[in-house]
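Below is one structure, written out as structure tokens, with a few remarks after it.
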Amino acid sequence: MIKVATAAEIKKLDQLATELFDIPSLILMENAAIGVVDFISNLSSEKSISNVLILSGHGNNGGDGFAIARHLVNRGYNVCVILIGNPQKISGDARVNFEIIQKISEKESNLKIYINPKSLNKIKELFDGPFDLVVDALLGTGLNSEIREPYLTTIKWANKYKALKLAVDIPTGLSSDNGKILGIAFQADYTLTMGLPKVGLLINDGPKVSGKIEIVDISYPFSLSNSDDVKKHLIEEVDIYERLPRRPYDAHKYSVGKVFAIAGSSGLTGAAKMSCEAALRSGCGGVLLLTTQKLLSVYAKSLKEVMTFPLKNNNGNYFVENDFDEIKSKVEWADVLMIGPGLGQNQETLKFLRKLLLYYPNKKKVIDADGLNLLANFIDDRKLFLKNSILTPHLGEFSRLIRKSVDEIKENIFEYGEEFARKHKAILVLKGAPTIIFDPSGNSYINSTGNSGMATVGMGDVLTGMISSFFAQGLSSLDAAIVGVFLHGLAGDIAAIKKSKLSLISSDVIKFIPDTIKIIEAIDQEHD
């Protein structure tokens, strides 16, 4: 997995690189610049890039811009550097690189430097034609307040300018820690982030303004870039290869995972069906769906491989507290309880669920949808034990669980997610764009698959089925969540290509689960 860092963590890594390994910070800046220039050179083979405009501030991000300018000039590009801000505040490594390019500009005609020009429009055709690429090296990761002048006008101008746009480390105006736009942000086509990706690039508004993200290796020692002190991670394809269940040759249907689905109610049977079908498609040996006598006919017409367990004494539209004794044997039979899709929010069902969760504290469970909405009523019960549970709320459901507004959660998503997982000793799968997984040890895992076409009803039910299946097949709760979330998003990506994002529905994702597993198995064959 790739570590993902906050601004403070990156600052600490830079300090440790110097203190523990005697790597001068100037070397780190030089490596950053070379990485960006190599990327621009490769991009030039696809795009026509001759004239480059670099917008630089007076801090270390600006220092990266000055060093980038030097290397681009040496490779034959026409470069214009515009310093926005106070030149008297340039210091340290940034000052070294600024003084170097000042001297180069006196002798090389393909480098021009302007300090706080009155009009950016007057300098946009300095060379043979307009700028092909605008590079943002204005403020970097240290920003923690709204954009002010002169940066505000500069970003507005840059966003309107017709050229490719590249951000150095992070688009100016984007918070590196919570991914919120601070008034306005540079709209990048590419963001080249240094050493490790920044949290803000991946969450909230980050993906809207960052474009394609590339990581520049600035040569942190391995022990630094993979430090256990950095607890946020980005999930990659190879991580799924390492965790995907391997089925033994002598497997039988009940040795590879049994899921008991406590789901569905009148008007919400589709959620139960999709979660059960997704579980089977993800590899478990059997799924047993709890149902009332009244709802049995609905399932019988459409479910082929899913088994049903109709309650003898319930001919109603939902489960009630008196159903509990009748299901005990099936709860004990199952490897995992899949609770919630389409369950409904009737008060009798609330009593039923509370009794189930309190009576079976150690049973493996995946709780979603209405299961979470009901759980919110007794989440603080001291007798409740969720250690072997995976909870999969979207932001609205999580808001009800922790009694915080959605806006509050977005501002402090890692703080609240980590606190919840630690408090309840459970795995929290916080669904969104992106989905983030939290474990009780304070680690978090950001998913890298999925698309906006998946914003439709039933997607969460499919995810619940997939996670339940992998949990039942013997993966740990954390690994089941990681594999389920990644493959769910990947199936959605494949479906979006085949069906288009606009036409994508939840059942499409189920259809493409086998394709995602084949992709991971292909990695398996490459390793073999």
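In the structure tokens, chains take the letters A, B, ... in the order shown, each chain's residues start at 1, and ligands count up from 1 in the order shown.
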Might you pull out every residue within 10 Å of range 143-157 of chain A, with only C-alpha atoms counted and same-chain residues fewer than 3 positions away left off, and present them as a PDB file with N, CA and C atoms, in the first residue's frame?
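So result.pdb came out as:
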ATOM      1  N   ALA A   7       0.084  17.377   5.822  1.00  0.00           N
ATOM      2  CA  ALA A   7       1.151  18.367   5.673  1.00  0.00           C
ATOM      3  C   ALA A   7       2.165  18.245   6.807  1.00  0.00           C
ATOM      4  N   LEU A  55       4.189  29.777 -12.237  1.00  0.00           N
ATOM      5  CA  LEU A  55       3.709  30.712 -11.228  1.00  0.00           C
ATOM      6  C   LEU A  55       4.276  30.280  -9.879  1.00  0.00           C
ATOM      7  N   SER A  56       5.138  31.108  -9.302  1.00  0.00           N
ATOM      8  CA  SER A  56       5.840  30.716  -8.081  1.00  0.00           C
ATOM      9  C   SER A  56       5.544  31.675  -6.943  1.00  0.00           C
ATOM     10  N   GLY A  57       5.440  31.107  -5.746  1.00  0.00           N
ATOM     11  CA  GLY A  57       5.356  31.912  -4.542  1.00  0.00           C
ATOM     12  C   GLY A  57       6.733  32.092  -3.942  1.00  0.00           C
ATOM     13  N   ILE A  84       4.981  35.583  -7.539  1.00  0.00           N
ATOM     14  CA  ILE A  84       3.845  36.229  -6.887  1.00  0.00           C
ATOM     15  C   ILE A  84       4.120  36.256  -5.384  1.00  0.00           C
ATOM     16  N   GLY A  85       4.115  37.431  -4.797  1.00  0.00           N
ATOM     17  CA  GLY A  85       4.405  37.511  -3.380  1.00  0.00           C
ATOM     18  C   GLY A  85       5.587  38.424  -3.112  1.00  0.00           C
ATOM     19  N   ASN A 116       5.824  40.090  -9.470  1.00  0.00           N
ATOM     20  CA  ASN A 116       4.529  40.769  -9.257  1.00  0.00           C
ATOM     21  C   ASN A 116       4.159  41.710 -10.397  1.00  0.00           C
ATOM     22  N   SER A 119       0.063  43.188 -14.831  1.00  0.00           N
ATOM     23  CA  SER A 119      -0.925  42.499 -15.668  1.00  0.00           C
ATOM     24  C   SER A 119      -0.328  41.222 -16.225  1.00  0.00           C
ATOM     25  N   LEU A 120      -0.953  40.101 -15.904  1.00  0.00           N
ATOM     26  CA  LEU A 120      -0.502  38.820 -16.460  1.00  0.00           C
ATOM     27  C   LEU A 120      -0.814  38.742 -17.948  1.00  0.00           C
ATOM     28  N   ASN A 121      -1.855  39.416 -18.389  1.00  0.00           N
ATOM     29  CA  ASN A 121      -2.247  39.341 -19.802  1.00  0.00           C
ATOM     30  C   ASN A 121      -1.177  39.908 -20.730  1.00  0.00           C
ATOM     31  N   ASP A 136       1.728  25.474 -11.503  1.00  0.00           N
ATOM     32  CA  ASP A 136       1.374  26.097 -10.227  1.00  0.00           C
ATOM     33  C   ASP A 136       2.374  25.676  -9.161  1.00  0.00           C
ATOM     34  N   LEU A 138       2.786  27.909  -6.345  1.00  0.00           N
ATOM     35  CA  LEU A 138       2.503  29.117  -5.581  1.00  0.00           C
ATOM     36  C   LEU A 138       2.629  28.938  -4.071  1.00  0.00           C
ATOM     37  N   LEU A 139       1.832  28.019  -3.493  1.00  0.00           N
ATOM     38  CA  LEU A 139       1.762  27.966  -2.034  1.00  0.00           C
ATOM     39  C   LEU A 139       1.996  26.585  -1.427  1.00  0.00           C
ATOM     40  N   GLY A 140       1.708  25.511  -2.137  1.00  0.00           N
ATOM     41  CA  GLY A 140       2.011  24.183  -1.611  1.00  0.00           C
ATOM     42  C   GLY A 140       1.113  23.744  -0.478  1.00  0.00           C
ATOM     43  N   LYS A 160      -8.617  30.449 -16.215  1.00  0.00           N
ATOM     44  CA  LYS A 160      -9.254  30.833 -17.478  1.00  0.00           C
ATOM     45  C   LYS A 160      -8.321  30.661 -18.675  1.00  0.00           C
ATOM     46  N   TYR A 161      -7.025  30.620 -18.411  1.00  0.00           N
ATOM     47  CA  TYR A 161      -6.056  30.559 -19.499  1.00  0.00           C
ATOM     48  C   TYR A 161      -6.128  29.201 -20.202  1.00  0.00           C
ATOM     49  N   PRO A 171      -2.616  21.401  -5.748  1.00  0.00           N
ATOM     50  CA  PRO A 171      -3.134  22.632  -6.347  1.00  0.00           C
ATOM     51  C   PRO A 171      -3.284  23.731  -5.291  1.00  0.00           C
ATOM     52  N   THR A 172      -2.788  24.906  -5.594  1.00  0.00           N
ATOM     53  CA  THR A 172      -2.915  26.016  -4.656  1.00  0.00           C
ATOM     54  C   THR A 172      -4.393  26.312  -4.387  1.00  0.00           C
ATOM     55  N   GLY A 173      -4.717  26.435  -3.103  1.00  0.00           N
ATOM     56  CA  GLY A 173      -6.094  26.683  -2.701  1.00  0.00           C
ATOM     57  C   GLY A 173      -6.790  25.456  -2.160  1.00  0.00           C
ATOM     58  N   LEU A 174      -6.159  24.281  -2.290  1.00  0.00           N
ATOM     59  CA  LEU A 174      -6.735  23.040  -1.771  1.00  0.00           C
ATOM     60  C   LEU A 174      -6.061  22.690  -0.450  1.00  0.00           C
ATOM     61  N   SER A 175      -6.859  22.444   0.578  1.00  0.00           N
ATOM     62  CA  SER A 175      -6.289  22.029   1.859  1.00  0.00           C
ATOM     63  C   SER A 175      -5.667  20.651   1.717  1.00  0.00           C
ATOM     64  N   SER A 176      -4.414  20.531   2.119  1.00  0.00           N
ATOM     65  CA  SER A 176      -3.724  19.253   1.969  1.00  0.00           C
ATOM     66  C   SER A 176      -4.193  18.222   2.979  1.00  0.00           C
ATOM     67  N   ASP A 177      -4.921  18.655   4.019  1.00  0.00           N
ATOM     68  CA  ASP A 177      -5.334  17.730   5.069  1.00  0.00           C
ATOM     69  C   ASP A 177      -6.783  17.280   4.981  1.00  0.00           C
ATOM     70  N   ILE A 181     -11.668  23.110  -0.693  1.00  0.00           N
ATOM     71  CA  ILE A 181     -11.187  24.273  -1.426  1.00  0.00           C
ATOM     72  C   ILE A 181     -11.313  25.500  -0.537  1.00  0.00           C
ATOM     73  N   LEU A 182     -10.229  26.229  -0.385  1.00  0.00           N
ATOM     74  CA  LEU A 182     -10.186  27.394   0.496  1.00  0.00           C
ATOM     75  C   LEU A 182     -10.473  28.654  -0.320  1.00  0.00           C
ATOM     76  N   GLY A 183     -11.719  28.784  -0.711  1.00  0.00           N
ATOM     77  CA  GLY A 183     -12.144  29.936  -1.497  1.00  0.00           C
ATOM     78  C   GLY A 183     -12.072  29.685  -2.979  1.00  0.00           C
ATOM     79  N   ILE A 184     -10.883  29.419  -3.481  1.00  0.00           N
ATOM     80  CA  ILE A 184     -10.657  29.109  -4.892  1.00  0.00           C
ATOM     81  C   ILE A 184      -9.439  28.208  -4.974  1.00  0.00           C
ATOM     82  N   ALA A 185      -9.371  27.381  -6.011  1.00  0.00           N
ATOM     83  CA  ALA A 185      -8.218  26.496  -6.179  1.00  0.00           C
ATOM     84  C   ALA A 185      -7.799  26.445  -7.638  1.00  0.00           C
ATOM     85  N   PHE A 186      -6.528  26.262  -7.847  1.00  0.00           N
ATOM     86  CA  PHE A 186      -5.968  26.052  -9.176  1.00  0.00           C
ATOM     87  C   PHE A 186      -6.559  24.767  -9.754  1.00  0.00           C
ATOM     88  N   GLN A 187      -7.060  24.845 -10.979  1.00  0.00           N
ATOM     89  CA  GLN A 187      -7.686  23.687 -11.623  1.00  0.00           C
ATOM     90  C   GLN A 187      -6.648  22.943 -12.462  1.00  0.00           C
TER      91      GLN A 187
END
List every residue of range 32-74 of chain A that DSSP, applied to the backbone of this structure, assigns to helix (DSSP H, G or I), and report them as a list in words.
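Output for range 32-74 of chain A, helix (DSSP H, G or I) only: Ala32, Ala33, Ile34, Gly35, Val36, Val37, Asp38, Phe39, Ile40, Ser41, Asn42, Leu43, Ser44, Asn60, Asn61, Gly62, Gly63, Asp64, Gly65, Phe66, Ala67, Ile68, Ala69, Arg70, His71, Leu72, Val73 and Asn74 of chain A.
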Tell me, as a PyMOL selection string, which residues lie within 12 Å of Phe414 in chain A, counting only C-alpha atoms; anything in the same chain fewer than 3 positions away does not count.
chain A and resi 5-6+177-179+199-200+203-204+231-233+408-411+417-422+428-430+435-439+442-446
DSSP strand (DSSP E) selection over range 201-448 of chain A, as a PyMOL selection string
chain A and resi 212-216+232-234+258-262+286-291+307-310+336-339+365-367+389-391+427-430+436-438+444-446
Expressed in Å, the length from CA of Val509 in chain A to CA of Ile213 in chain A is 25.8 Å
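Shell of range 476-490 of chain A at 6 Å, with only C-alpha atoms counted and residues fewer than 2 places along the chain excluded, is Ile240, Thr449, Gly450, Met466, Ile467, Phe470, Phe471, Gly492 and Asp493 of chain A.
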Just to confirm, what's the straight-line distance from CA of Leu16 in chain A to CA of Met29 in chain A in Å (one decimal)?
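So the two atoms, CA of Leu16 in chain A and CA of Met29 in chain A, lie 14.9 Å apart.
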If we count only C-alpha atoms and set the cut-off at 12 Å, which residues sit around Ala272 in chain A, ignoring sequence neighbours fewer than 2 positions away in its own chain? Please answer as a tab-separated table (two decimals) with all heavy atoms, in the first residue's frame.
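So around01.tsv came out as:
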chain	number	residue	atom	x	y	z
A	260	PHE	N	-25.52	-15.86	6.51
A	260	PHE	CA	-26.93	-15.79	6.88
A	260	PHE	C	-27.37	-14.34	6.74
A	260	PHE	O	-26.89	-13.46	7.46
A	260	PHE	CB	-27.13	-16.28	8.31
A	260	PHE	CG	-28.57	-16.38	8.75
A	260	PHE	CD1	-29.59	-16.68	7.85
A	260	PHE	CD2	-28.91	-16.18	10.08
A	260	PHE	CE1	-30.91	-16.78	8.26
A	260	PHE	CE2	-30.23	-16.28	10.51
A	260	PHE	CZ	-31.25	-16.57	9.59
A	261	ALA	N	-28.25	-14.08	5.78
A	261	ALA	CA	-28.69	-12.72	5.47
A	261	ALA	C	-29.95	-12.38	6.24
A	261	ALA	O	-31.00	-12.99	6.04
A	261	ALA	CB	-28.94	-12.58	3.97
A	262	ILE	N	-29.83	-11.43	7.12
A	262	ILE	CA	-30.97	-10.92	7.88
A	262	ILE	C	-31.31	-9.58	7.24
A	262	ILE	O	-30.78	-8.52	7.61
A	262	ILE	CB	-30.63	-10.80	9.36
A	262	ILE	CG1	-30.23	-12.18	9.90
A	262	ILE	CG2	-31.79	-10.22	10.15
A	262	ILE	CD1	-29.64	-12.17	11.27
A	263	ALA	N	-32.17	-9.65	6.24
A	263	ALA	CA	-32.38	-8.51	5.36
A	263	ALA	C	-33.76	-8.58	4.73
A	263	ALA	O	-34.40	-9.64	4.73
A	263	ALA	CB	-31.31	-8.49	4.26
A	264	GLY	N	-34.19	-7.45	4.21
A	264	GLY	CA	-35.45	-7.41	3.47
A	264	GLY	C	-36.66	-7.15	4.35
A	264	GLY	O	-36.72	-7.55	5.51
A	265	SER	N	-37.62	-6.47	3.77
A	265	SER	CA	-38.93	-6.24	4.38
A	265	SER	C	-39.86	-5.81	3.24
A	265	SER	O	-39.42	-5.66	2.09
A	265	SER	CB	-38.87	-5.15	5.46
A	265	SER	OG	-38.41	-3.93	4.92
A	266	SER	N	-41.12	-5.64	3.51
A	266	SER	CA	-42.07	-5.30	2.46
A	266	SER	C	-41.66	-4.02	1.75
A	266	SER	O	-41.39	-2.99	2.38
A	266	SER	CB	-43.46	-5.11	3.06
A	266	SER	OG	-44.40	-4.79	2.06
A	267	GLY	N	-41.57	-4.07	0.43
A	267	GLY	CA	-41.16	-2.92	-0.36
A	267	GLY	C	-39.67	-2.76	-0.52
A	267	GLY	O	-39.21	-1.92	-1.30
A	268	LEU	N	-38.89	-3.55	0.21
A	268	LEU	CA	-37.43	-3.43	0.18
A	268	LEU	C	-36.76	-4.77	-0.09
A	268	LEU	O	-35.62	-5.00	0.31
A	268	LEU	CB	-36.93	-2.85	1.51
A	268	LEU	CG	-37.43	-1.44	1.85
A	268	LEU	CD1	-37.04	-1.06	3.28
A	268	LEU	CD2	-36.85	-0.41	0.87
A	269	THR	N	-37.46	-5.66	-0.75
A	269	THR	CA	-36.90	-7.00	-1.01
A	269	THR	C	-35.75	-6.95	-2.01
A	269	THR	O	-34.88	-7.82	-1.99
A	269	THR	CB	-37.99	-7.94	-1.53
A	269	THR	OG1	-38.64	-7.33	-2.67
A	269	THR	CG2	-39.04	-8.21	-0.46
A	270	GLY	N	-35.73	-5.94	-2.88
A	270	GLY	CA	-34.66	-5.84	-3.87
A	270	GLY	C	-33.30	-5.69	-3.22
A	270	GLY	O	-32.31	-6.25	-3.70
A	274	MET	N	-30.16	-8.28	-3.94
A	274	MET	CA	-28.88	-7.86	-4.50
A	274	MET	C	-27.72	-8.19	-3.58
A	274	MET	O	-26.65	-8.62	-4.05
A	274	MET	CB	-28.91	-6.37	-4.83
A	274	MET	CG	-29.68	-6.06	-6.11
A	274	MET	SD	-29.41	-4.39	-6.72
A	274	MET	CE	-30.18	-3.44	-5.42
A	275	SER	N	-27.89	-7.99	-2.29
A	275	SER	CA	-26.80	-8.29	-1.37
A	275	SER	C	-26.48	-9.78	-1.36
A	275	SER	O	-25.31	-10.18	-1.32
A	275	SER	CB	-27.12	-7.79	0.04
A	275	SER	OG	-28.29	-8.40	0.54
A	276	CYS	N	-27.52	-10.62	-1.44
A	276	CYS	CA	-27.31	-12.07	-1.46
A	276	CYS	C	-26.63	-12.52	-2.75
A	276	CYS	O	-25.71	-13.34	-2.74
A	276	CYS	CB	-28.65	-12.79	-1.30
A	276	CYS	SG	-29.38	-12.63	0.34
A	277	GLU	N	-27.07	-11.98	-3.87
A	277	GLU	CA	-26.47	-12.35	-5.16
A	277	GLU	C	-25.02	-11.89	-5.24
A	277	GLU	O	-24.14	-12.60	-5.76
A	277	GLU	CB	-27.29	-11.75	-6.29
A	277	GLU	CG	-28.65	-12.42	-6.47
A	277	GLU	CD	-29.57	-11.68	-7.43
A	277	GLU	OE1	-29.22	-10.53	-7.80
A	277	GLU	OE2	-30.62	-12.23	-7.79
A	278	ALA	N	-24.74	-10.69	-4.72
A	278	ALA	CA	-23.37	-10.19	-4.72
A	278	ALA	C	-22.47	-11.07	-3.86
A	278	ALA	O	-21.30	-11.31	-4.20
A	278	ALA	CB	-23.33	-8.75	-4.22
A	279	ALA	N	-23.00	-11.57	-2.74
A	279	ALA	CA	-22.22	-12.45	-1.87
A	279	ALA	C	-21.83	-13.73	-2.60
A	279	ALA	O	-20.67	-14.18	-2.54
A	279	ALA	CB	-23.01	-12.76	-0.61
A	287	VAL	N	-25.53	-18.87	0.69
A	287	VAL	CA	-26.21	-17.75	1.33
A	287	VAL	C	-27.61	-18.20	1.70
A	287	VAL	O	-28.36	-18.73	0.86
A	287	VAL	CB	-26.28	-16.52	0.40
A	287	VAL	CG1	-27.07	-15.40	1.08
A	287	VAL	CG2	-24.88	-16.04	0.04
A	288	LEU	N	-27.98	-17.99	2.95
A	288	LEU	CA	-29.31	-18.30	3.45
A	288	LEU	C	-30.00	-17.00	3.83
A	288	LEU	O	-29.48	-16.23	4.65
A	288	LEU	CB	-29.21	-19.22	4.68
A	288	LEU	CG	-30.52	-19.64	5.34
A	288	LEU	CD1	-31.36	-20.49	4.39
A	288	LEU	CD2	-30.24	-20.40	6.63
A	289	LEU	N	-31.15	-16.74	3.22
A	289	LEU	CA	-31.86	-15.50	3.43
A	289	LEU	C	-33.05	-15.71	4.35
A	289	LEU	O	-33.94	-16.52	4.07
A	289	LEU	CB	-32.34	-14.93	2.09
A	289	LEU	CG	-33.26	-13.70	2.14
A	289	LEU	CD1	-32.56	-12.52	2.79
A	289	LEU	CD2	-33.74	-13.33	0.73
A	290	LEU	N	-33.08	-14.98	5.45
A	290	LEU	CA	-34.22	-15.00	6.36
A	290	LEU	C	-35.40	-14.26	5.74
A	290	LEU	O	-35.22	-13.19	5.14
A	290	LEU	CB	-33.83	-14.33	7.68
A	290	LEU	CG	-34.90	-14.25	8.77
A	290	LEU	CD1	-35.26	-15.66	9.26
A	290	LEU	CD2	-34.42	-13.38	9.92
A	291	THR	N	-36.58	-14.84	5.86
A	291	THR	CA	-37.76	-14.19	5.28
A	291	THR	C	-39.01	-14.54	6.09
A	291	THR	O	-39.05	-15.56	6.79
A	291	THR	CB	-37.95	-14.60	3.81
A	291	THR	OG1	-39.14	-14.00	3.30
A	291	THR	CG2	-38.06	-16.10	3.66
A	295	LEU	N	-43.32	-12.81	2.53
A	295	LEU	CA	-42.34	-12.35	1.54
A	295	LEU	C	-41.68	-13.48	0.77
A	295	LEU	O	-41.00	-13.24	-0.22
A	295	LEU	CB	-41.26	-11.50	2.23
A	295	LEU	CG	-41.75	-10.23	2.94
A	295	LEU	CD1	-40.58	-9.55	3.64
A	295	LEU	CD2	-42.41	-9.28	1.95
A	298	VAL	N	-42.10	-13.64	-3.00
A	298	VAL	CA	-41.37	-12.62	-3.75
A	298	VAL	C	-39.97	-13.12	-4.08
A	298	VAL	O	-39.48	-12.98	-5.21
A	298	VAL	CB	-41.28	-11.31	-2.93
A	298	VAL	CG1	-40.46	-10.25	-3.69
A	298	VAL	CG2	-42.68	-10.79	-2.63
A	299	TYR	N	-39.32	-13.72	-3.10
A	299	TYR	CA	-37.96	-14.22	-3.32
A	299	TYR	C	-37.96	-15.47	-4.19
A	299	TYR	O	-37.05	-15.66	-5.01
A	299	TYR	CB	-37.30	-14.53	-1.98
A	299	TYR	CG	-37.09	-13.31	-1.10
A	299	TYR	CD1	-37.60	-13.26	0.20
A	299	TYR	CD2	-36.38	-12.21	-1.56
A	299	TYR	CE1	-37.41	-12.16	1.01
A	299	TYR	CE2	-36.18	-11.10	-0.76
A	299	TYR	CZ	-36.70	-11.07	0.52
A	299	TYR	OH	-36.51	-9.97	1.32
A	302	SER	N	-37.50	-15.04	-7.97
A	302	SER	CA	-36.31	-14.43	-8.58
A	302	SER	C	-34.97	-15.00	-8.11
A	302	SER	O	-33.97	-14.87	-8.80
A	302	SER	CB	-36.31	-12.92	-8.33
A	302	SER	OG	-36.39	-12.66	-6.93
A	303	LEU	N	-34.94	-15.63	-6.95
A	303	LEU	CA	-33.68	-16.14	-6.43
A	303	LEU	C	-33.53	-17.63	-6.76
A	303	LEU	O	-34.39	-18.44	-6.41
A	303	LEU	CB	-33.61	-15.94	-4.91
A	303	LEU	CG	-33.50	-14.49	-4.43
A	303	LEU	CD1	-33.49	-14.44	-2.91
A	303	LEU	CD2	-32.27	-13.80	-4.99
A	306	VAL	N	-29.79	-18.66	-4.12
A	306	VAL	CA	-29.90	-18.25	-2.72
A	306	VAL	C	-30.94	-19.10	-2.01
A	306	VAL	O	-32.07	-19.24	-2.47
A	306	VAL	CB	-30.28	-16.75	-2.62
A	306	VAL	CG1	-30.49	-16.35	-1.15
A	306	VAL	CG2	-29.20	-15.88	-3.25
A	308	THR	N	-33.51	-19.92	1.18
A	308	THR	CA	-34.36	-19.10	2.04
A	308	THR	C	-34.73	-19.84	3.32
A	308	THR	O	-34.82	-21.07	3.33
A	308	THR	CB	-35.66	-18.68	1.32
A	308	THR	OG1	-36.32	-19.85	0.84
A	308	THR	CG2	-35.37	-17.75	0.16
A	338	MET	N	-25.07	-11.23	7.74
A	338	MET	CA	-25.18	-10.03	6.89
A	338	MET	C	-26.49	-9.34	7.26
A	338	MET	O	-27.57	-9.84	6.97
A	338	MET	CB	-25.16	-10.42	5.41
A	338	MET	CG	-25.27	-9.24	4.47
A	338	MET	SD	-24.95	-9.71	2.75
A	338	MET	CE	-26.39	-10.71	2.37
A	339	ILE	N	-26.38	-8.20	7.92
A	339	ILE	CA	-27.54	-7.58	8.55
A	339	ILE	C	-27.82	-6.20	7.96
A	339	ILE	O	-26.91	-5.36	7.90
A	339	ILE	CB	-27.30	-7.41	10.07
A	339	ILE	CG1	-27.00	-8.77	10.72
A	339	ILE	CG2	-28.49	-6.75	10.75
A	339	ILE	CD1	-26.52	-8.66	12.16
A	340	GLY	N	-29.05	-5.99	7.50
A	340	GLY	CA	-29.45	-4.62	7.22
A	340	GLY	C	-30.07	-4.26	5.90
A	340	GLY	O	-30.98	-3.44	5.87
A	341	PRO	N	-29.59	-4.78	4.76
A	341	PRO	CA	-30.15	-4.32	3.48
A	341	PRO	C	-31.65	-4.53	3.40
A	341	PRO	O	-32.14	-5.66	3.49
A	341	PRO	CB	-29.41	-5.19	2.46
A	341	PRO	CG	-28.10	-5.50	3.10
A	341	PRO	CD	-28.45	-5.69	4.56
A	342	GLY	N	-32.40	-3.45	3.27
A	342	GLY	CA	-33.85	-3.54	3.15
A	342	GLY	C	-34.55	-3.99	4.42
A	342	GLY	O	-35.72	-4.38	4.37
A	343	LEU	N	-33.91	-3.93	5.56
A	343	LEU	CA	-34.47	-4.48	6.80
A	343	LEU	C	-35.69	-3.68	7.28
A	343	LEU	O	-36.57	-4.23	7.95
A	343	LEU	CB	-33.39	-4.49	7.88
A	343	LEU	CG	-33.66	-5.28	9.16
A	343	LEU	CD1	-33.90	-6.76	8.85
A	343	LEU	CD2	-32.49	-5.14	10.13
A	344	GLY	N	-35.75	-2.41	6.93
A	344	GLY	CA	-36.83	-1.56	7.42
A	344	GLY	C	-36.51	-1.01	8.79
A	344	GLY	O	-35.56	-1.44	9.46
A	368	ASP	N	-25.25	-2.97	7.74
A	368	ASP	CA	-25.39	-1.92	6.73
A	368	ASP	C	-26.80	-1.34	6.78
A	368	ASP	O	-27.72	-1.91	7.40
A	368	ASP	CB	-25.10	-2.50	5.34
A	368	ASP	CG	-25.17	-1.46	4.24
A	368	ASP	OD1	-24.72	-0.32	4.47
A	368	ASP	OD2	-25.70	-1.78	3.15
A	369	ALA	N	-26.99	-0.23	6.08
A	369	ALA	CA	-28.30	0.32	5.74
A	369	ALA	C	-29.22	0.44	6.96
A	369	ALA	O	-28.86	1.06	7.96
A	369	ALA	CB	-28.93	-0.54	4.63
A	370	ASP	N	-30.42	-0.17	6.88
A	370	ASP	CA	-31.37	-0.06	7.98
A	370	ASP	C	-30.84	-0.71	9.26
A	370	ASP	O	-31.25	-0.32	10.36
A	370	ASP	CB	-32.71	-0.70	7.60
A	370	ASP	CG	-33.50	0.19	6.65
A	370	ASP	OD1	-33.31	1.41	6.70
A	370	ASP	OD2	-34.31	-0.35	5.87
A	458	GLY	N	-28.92	0.97	-4.31
A	458	GLY	CA	-28.54	-0.44	-4.30
A	458	GLY	C	-27.06	-0.71	-4.29
A	458	GLY	O	-26.64	-1.85	-4.03
A	459	MET	N	-26.22	0.31	-4.56
A	459	MET	CA	-24.78	0.08	-4.60
A	459	MET	C	-24.25	-0.38	-3.25
A	459	MET	O	-23.39	-1.26	-3.16
A	459	MET	CB	-24.04	1.35	-5.03
A	459	MET	CG	-24.13	1.63	-6.51
A	459	MET	SD	-23.26	0.39	-7.51
A	459	MET	CE	-23.75	0.93	-9.15
A	460	GLY	N	-24.79	0.21	-2.18
A	460	GLY	CA	-24.36	-0.21	-0.85
A	460	GLY	C	-24.75	-1.63	-0.52
A	460	GLY	O	-24.01	-2.35	0.16
A	461	ASP	N	-25.90	-2.07	-1.03
A	461	ASP	CA	-26.33	-3.46	-0.80
A	461	ASP	C	-25.38	-4.44	-1.48
A	461	ASP	O	-25.04	-5.50	-0.91
A	461	ASP	CB	-27.75	-3.65	-1.34
A	461	ASP	CG	-28.74	-2.67	-0.73
A	461	ASP	OD1	-28.68	-2.47	0.50
A	461	ASP	OD2	-29.55	-2.10	-1.48
A	462	VAL	N	-24.94	-4.08	-2.68
A	462	VAL	CA	-23.98	-4.93	-3.39
A	462	VAL	C	-22.67	-5.01	-2.61
A	462	VAL	O	-22.09	-6.09	-2.44
A	462	VAL	CB	-23.74	-4.40	-4.82
A	462	VAL	CG1	-22.66	-5.22	-5.53
A	462	VAL	CG2	-25.03	-4.42	-5.63
A	463	LEU	N	-22.20	-3.87	-2.13
A	463	LEU	CA	-20.95	-3.85	-1.36
A	463	LEU	C	-21.07	-4.69	-0.10
A	463	LEU	O	-20.16	-5.44	0.25
A	463	LEU	CB	-20.60	-2.40	-0.99
A	463	LEU	CG	-19.37	-2.24	-0.09
A	463	LEU	CD1	-18.12	-2.78	-0.76
A	463	LEU	CD2	-19.18	-0.77	0.29
A	464	THR	N	-22.21	-4.60	0.58
A	464	THR	CA	-22.42	-5.40	1.79
A	464	THR	C	-22.31	-6.89	1.50
A	464	THR	O	-21.69	-7.65	2.25
A	464	THR	CB	-23.80	-5.09	2.40
A	464	THR	OG1	-23.86	-3.71	2.73
A	464	THR	CG2	-24.06	-5.92	3.64
A	465	GLY	N	-22.91	-7.31	0.40
A	465	GLY	CA	-22.83	-8.72	0.01
A	465	GLY	C	-21.40	-9.15	-0.27
A	465	GLY	O	-20.97	-10.24	0.14
Between A:Leu26, A:Ile427, A:Leu395, A:Ile520, which has the minimum distance to Ile413 in chain A (counting only C-alpha atoms)?
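Between A:Leu26, A:Ile427, A:Leu395, A:Ile520, the residue approaching Ile413 in chain A most closely is A:Leu395.
Take the candidates A:Gly432, A:Val259, A:Ala137, A:Lys518 and check each one against Gly396 in chain A using only C-alpha atoms; the shortest distance goes to A:Gly432.
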